[in-house]
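Shown next, in structure tokens, is the structure this report addresses.
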Amino acid sequence: MTFSRLRRSHNRVKSAPNSSMTADADRYHAAFSHYSNARFDDALALLAPMLARRPATSEVLNLAAMCAFRADRHELADAYWQRAMEEHPNDAGSYSNFASALTARGRLSDARTLYRRAVELRPDFVEAHYNLANVSQRLGYNDEAEASFREALRLKPDFAEAHLNLAALLAHARRLPEAEAAYRQALAARPGYAEAHNNLGNLLKDAGRFDEAVAHLRQAVAARPDWADAHFNLGNAHHAQGSLGDARSAYRHAVTLRPDFAAALNNLGGVLDALGCLKDAESADARLNLATTLLRAGDFAEGWTCFEARYDARLSQRSVHPPDVPYPQWRGEPLAGKSLLVVTEQGFGDSIQFIRYLPMLKAQGAAKLTVVCPPTLATLLESADGVARCVTPDALAALPPHDYWCFLMSLPARAGTTLDTIPRATPYLHASASRIEYWERRLPETPKVGIAWSGEPRPWMPDSFGAFSRRWLDARLCEPLFATPGVTFVSLQKGATARAQLAALPGRLLPLDLMNDVADFADTAAIIASLDLVISVDTAVAHLAGALGKPVWILLNANACWRWLEGRDDSPWYPTARLFRQRAPGQWIEVIERVVDALTQWRRSKDVTPRSP
């Protein structure tokens with residue numbers, strides 16, 4: 001999609017006096033300069049006197065429309081283009097530019113109509129033929145698209161982009177010799193055209209012409225060294241050719257350029273395995289890294305399978321170990337009448353998130369479900385439906401034998417969980433009525449917001465890349481949040497780090513802190529049940545609020561954990577969650593500003609008048 005080029009020259013209104021024409025020309029040139037420097041409102045202000053006339057020149061109307069469009073004032077842009085077509089019905093450029101704006105906004109059928117009118121008015125309008133071809137192809141009018149591409153190329157034989165897109169259309173139609181010829185014409189018009197080399201290389205690879213494919217794909221990466229897809233395609237061609245060492249190099253380039261490139265990671269692992277150059281630890285580590293990449297992308301089918309590598313004995317750093325019990329690991333065998341020991345692992349939040357699978361095991365007929373977990377979680381997790389008993393790891397040796405054991409975080413794989421089948425019903429954990437009553441008596445009647453801004457260091461777990469510490473922030477960064485009027489903040493954090501950060505806050509901003517009297521997560525659950533909202537970084541508190549069905553706003557760093565997926569402000573794991581993501585690594589201040597704005601709106605929506613202190 002391209003716009004007709006705007007011109008610096010200005011067609012003056014012939015009836016205007018010379019001084020007026022000179023002023024108009026100067027004003028137009030100044031407006032054009034503002035447009036070129038993205039100062040769209042300034043440009044529109046300069047154009048206003050000329051726009052006030054009827055008719056205004058087509059150049060003035062088009063420039064005004066483009067300024068409004070670039071400023072995302074689409075209704076105003078549409079009005080200027082509509083006026084241009086009314087006042088200058090034979091100006092093909094206005095129809096074409098309006099069509100390009102509509103294309104950018106997804107209104108393809110309307111754009112197609114306008115492009116067709118533009119080429120009727122000006123049959124030699126190359127860009128309009130090209131744009132019409134692209135829109136027609138997207139709408140499925142492939143014959144019309146081909147005819148328009150060919151007309152654009154008849155008018156401009158060296159139009160490299162038109163050759164490229166025509167070739168792609170032909171390749172999709174499996175007219176491969178014609179597609180190859182069109183790609184070669186694109187390269188004749190522009191020898192260093194990376195996209196043409198890449199696409200032709202893929203076509204040749206699929207045809208089994210591996211040497212030629214490699215040659216073109218090498219030229220693609222030479223022309224665009226930062227293009228991960230081209231390196232990946234080159235790796236595929238080398239792989240098909242049998243040149244595994246070259247394939248390894250190309251896949252590594254792709255992964256370096258795009259660390260979350262799941263297909264490249266997967267292929268790299270396969271090549272390294274085939275070369276026999278992986279140590280066992282490297283292979284297991286690569287599989288676990290691939291798992292988190294796949295899960296973050298929502299590819300659960302393969303992701304859960306790869307995630308089983310987290311307890312592989314060959315890992316270079318292993319924090320998950322199978323229990324020392326004499327009965328087998330459960331691999332999905334029928335559970336009717338059977339007993340199953342479920343072993344929690346990793347962090348508190350992981351246990352809270354995945355305990356949701358226990359009711360599914362009970363529904364399969366499991367006679368007894370015993371959970372092994374840290375003491376601070378035991379009472380809370382026993383509130384999940386299906387849990388017969390929670391025991392601590394030190395009590396495992398005295399436990400009666402079970403039929404099977406299973407890691408808690410293996411249950412999604414055993415259930416074949418996809419994004420659409422996540423068990424998302426909440427609450428699936430519950431606070432006891434007596435504990436809720438106890439904590440409610442200690443809380444005020446104003447709108448109450450729980451807050452967790454940090455976590456405690458985990459020296460027993462590897463954190464080479466700051467995977468934990470990047471998820472947290474200092475309480476001082478929350479001062480604008482704590483200053484929100486009409487809200488009582490309640491600390492939901494225990495530990496020395498939290499206490500030290502609270503001590504550094506101004507007294508008027510201190511959250512209510514009852515955590516010294518909290519014995520375990522069952523107490524924290526009771527406090528959360530008594531609140532109106534929870535705001536938390538990526539800690540167990542966020543998971544607990546979600547598991548209880550409490551509204552929770554979760555603050556995430558730029559490279560958030562896989563479980564929060566990508567580009568979403570909601571979570572399929574927790575229907576009551578709202579996600580606030582960093583827009584740049586380390587930039588918590590901007591996140592806090594957005595949360596403050598959201599909390600201010602939330603507070604206004606509460607039909608509660610704060611009591612006087």
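A note on labels: chains of the structure tokens are A, B, ... as shown, every chain counts residues from 1, and ligands are counted from 1 in their shown order.
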
Report as a PDB file with N, CA, C and O atoms, in the first residue's frame all protein, DNA and RNA residues lying within 9 Å of Ala30 of chain A, evaluated on only C-alpha atoms, omitting residues in the same chain fewer than 4 positions from it.
```pdb
ATOM      1  N   ALA A  25       1.354  29.999  -1.841  1.00  0.00           N
ATOM      2  CA  ALA A  25       2.485  29.125  -2.155  1.00  0.00           C
ATOM      3  C   ALA A  25       3.428  29.013  -0.964  1.00  0.00           C
ATOM      4  O   ALA A  25       3.874  27.914  -0.601  1.00  0.00           O
ATOM      5  N   ASP A  26       3.711  30.165  -0.329  1.00  0.00           N
ATOM      6  CA  ASP A  26       4.595  30.129   0.842  1.00  0.00           C
ATOM      7  C   ASP A  26       3.965  29.323   1.974  1.00  0.00           C
ATOM      8  O   ASP A  26       4.645  28.538   2.662  1.00  0.00           O
ATOM      9  N   HIS A  34       6.223  21.189   7.542  1.00  0.00           N
ATOM     10  CA  HIS A  34       5.730  20.666   8.820  1.00  0.00           C
ATOM     11  C   HIS A  34       5.295  19.211   8.678  1.00  0.00           C
ATOM     12  O   HIS A  34       5.569  18.376   9.549  1.00  0.00           O
ATOM     13  N   TYR A  35       4.592  18.899   7.596  1.00  0.00           N
ATOM     14  CA  TYR A  35       4.165  17.510   7.353  1.00  0.00           C
ATOM     15  C   TYR A  35       5.369  16.583   7.291  1.00  0.00           C
ATOM     16  O   TYR A  35       5.361  15.490   7.895  1.00  0.00           O
ATOM     17  N   ALA A  43       0.908  21.960  10.431  1.00  0.00           N
ATOM     18  CA  ALA A  43       0.640  21.993   8.991  1.00  0.00           C
ATOM     19  C   ALA A  43      -0.830  22.308   8.731  1.00  0.00           C
ATOM     20  O   ALA A  43      -1.167  23.140   7.866  1.00  0.00           O
ATOM     21  N   LEU A  46      -1.653  25.989   9.138  1.00  0.00           N
ATOM     22  CA  LEU A  46      -1.236  26.811   8.000  1.00  0.00           C
ATOM     23  C   LEU A  46      -2.161  26.630   6.797  1.00  0.00           C
ATOM     24  O   LEU A  46      -2.382  27.563   6.021  1.00  0.00           O
TER      25      LEU A  46
END
```

Next item on the list: Would you kindly return, as a list in words, each protein, DNA or RNA residue with an atom no farther than 8 Å from any atom of Asp285 of chain A, considering only C-alpha atoms and excluding same-chain residues fewer than 4 positions away?
Entry: Ala281, Asn289, Ala309, Leu315 and Ser316 of chain A

Note to self: I want to know what sits within 8 Å of Leu290 of chain A, based on only C-alpha atoms, with residues of the same chain fewer than 6 positions away left out; could you give that as a VMD selection string?
What the structure shows: chain A and resid 262 265 to 266 303 306

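Comparing the minimum interatomic distances between Arg356 of chain A and each of A:Asn236, A:Trp573, A:Leu514, A:Leu288, counting only C-alpha atoms, we find that A:Trp573 sits nearest.
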
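Atom CA of Thr256 of chain A lies 29.3 Å from atom CA of Asp570 of chain A.
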
Item checked: Nearest residue to Ala182 of chain A from the set A:Ala194, A:Ala145, A:Leu169, A:Ala223 (distances using only C-alpha atoms) -> A:Leu169

Next item on the list: Would you please give, as a ChimeraX atom specification, all residues of segment 25-233 of chain A that DSSP assigns to helix (DSSP H, G or I) based on the backbone?
Entry: /A:25-36,40-51,58-70,74-87,92-104,108-121,126-138,142-155,160-172,176-189,194-206,210-223,228-233

Next item on the list: Using DSSP on the backbone, list every residue of segment 334-561 of chain A that comes out as strand (DSSP E or B), and give them as a PyMOL selection string.
Entry: chain A and resi 339-343+368-372+389-391+404-407+448-452+488-491+512+533-537+552-556

Margin query: Ranking A:Ile527, A:Leu380, A:Val518, A:Ala301 by minimum distance to Gly495 of chain A and counting only C-alpha atoms, which one comes first?
Written below: A:Val518

Item checked: Between atom CA of Leu565 of chain A and atom CA of Gly298 of chain A, distance in Å (one decimal) -> 6.5 Å

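Among the candidates A:Phe348, A:Tyr80, A:Trp304, A:Trp227, the one nearest to Arg287 of chain A when counting only C-alpha atoms is A:Trp304.
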
Item checked: segment 444-456 of chain A environment, 9 Å, only C-alpha atoms, sequence neighbours closer than 6 positions dropped, as an MDAnalysis selection string -> chainID A and resid 468:469 471:475 478 486:498 511 527:528 530:542 555 603 606 608:611

Take the residues from that selection and write them out as an mmCIF file, in the first residue's frame, keeping C-alpha atoms.
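The result, stored in part_18.cif:
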```cif
data_model
loop_
_atom_site.group_PDB
_atom_site.id
_atom_site.type_symbol
_atom_site.label_atom_id
_atom_site.label_comp_id
_atom_site.auth_asym_id
_atom_site.auth_seq_id
_atom_site.Cartn_x
_atom_site.Cartn_y
_atom_site.Cartn_z
ATOM 1 C CA PHE A 468 13.423 -13.241 39.795
ATOM 2 C CA SER A 469 14.806 -9.821 40.660
ATOM 3 C CA ARG A 471 10.087 -9.138 38.341
ATOM 4 C CA TRP A 472 10.240 -6.957 41.450
ATOM 5 C CA LEU A 473 10.487 -3.266 42.239
ATOM 6 C CA ASP A 474 11.354 -1.095 45.207
ATOM 7 C CA ALA A 475 8.533 0.166 47.409
ATOM 8 C CA CYS A 478 5.127 2.848 44.482
ATOM 9 C CA GLY A 486 -9.678 7.296 49.346
ATOM 10 C CA VAL A 487 -7.855 3.956 49.284
ATOM 11 C CA THR A 488 -6.358 1.928 52.132
ATOM 12 C CA PHE A 489 -3.378 -0.083 50.972
ATOM 13 C CA VAL A 490 -2.727 -3.347 52.780
ATOM 14 C CA SER A 491 0.705 -4.955 52.575
ATOM 15 C CA LEU A 492 0.654 -8.601 51.545
ATOM 16 C CA GLN A 493 4.371 -9.218 51.949
ATOM 17 C CA LYS A 494 6.426 -10.875 54.613
ATOM 18 C CA GLY A 495 10.172 -10.873 55.021
ATOM 19 C CA ALA A 496 13.097 -8.650 55.866
ATOM 20 C CA THR A 497 13.286 -7.063 52.418
ATOM 21 C CA ALA A 498 9.670 -5.861 52.604
ATOM 22 C CA PRO A 511 0.382 0.698 53.812
ATOM 23 C CA ILE A 527 -6.872 -11.176 54.128
ATOM 24 C CA ILE A 528 -7.173 -11.159 50.317
ATOM 25 C CA SER A 530 -11.508 -9.324 52.706
ATOM 26 C CA LEU A 531 -10.063 -6.877 50.143
ATOM 27 C CA ASP A 532 -11.583 -5.191 47.101
ATOM 28 C CA LEU A 533 -8.577 -5.479 44.797
ATOM 29 C CA VAL A 534 -5.018 -6.821 44.778
ATOM 30 C CA ILE A 535 -2.086 -5.198 42.960
ATOM 31 C CA SER A 536 0.996 -7.386 42.735
ATOM 32 C CA VAL A 537 4.159 -8.000 40.809
ATOM 33 C CA ASP A 538 4.756 -11.543 39.560
ATOM 34 C CA THR A 539 4.784 -13.319 42.915
ATOM 35 C CA ALA A 540 2.743 -15.963 44.698
ATOM 36 C CA VAL A 541 0.367 -13.227 45.897
ATOM 37 C CA ALA A 542 -0.748 -12.609 42.299
ATOM 38 C CA LEU A 555 2.698 -5.817 37.093
ATOM 39 C CA ARG A 603 -11.773 4.471 43.011
ATOM 40 C CA LYS A 606 -16.645 2.689 43.991
ATOM 41 C CA VAL A 608 -18.288 4.206 48.974
ATOM 42 C CA THR A 609 -17.519 7.445 50.756
ATOM 43 C CA PRO A 610 -14.203 7.291 52.663
ATOM 44 C CA ARG A 611 -14.587 7.824 56.384
#
```

Note to self: Please determine, counting only C-alpha atoms, which residue among A:Tyr141, A:Tyr428, A:Tyr574, A:Phe32 has the shortest atom-to-atom distance to Ile554 of chain A.
What the structure shows: A:Tyr574
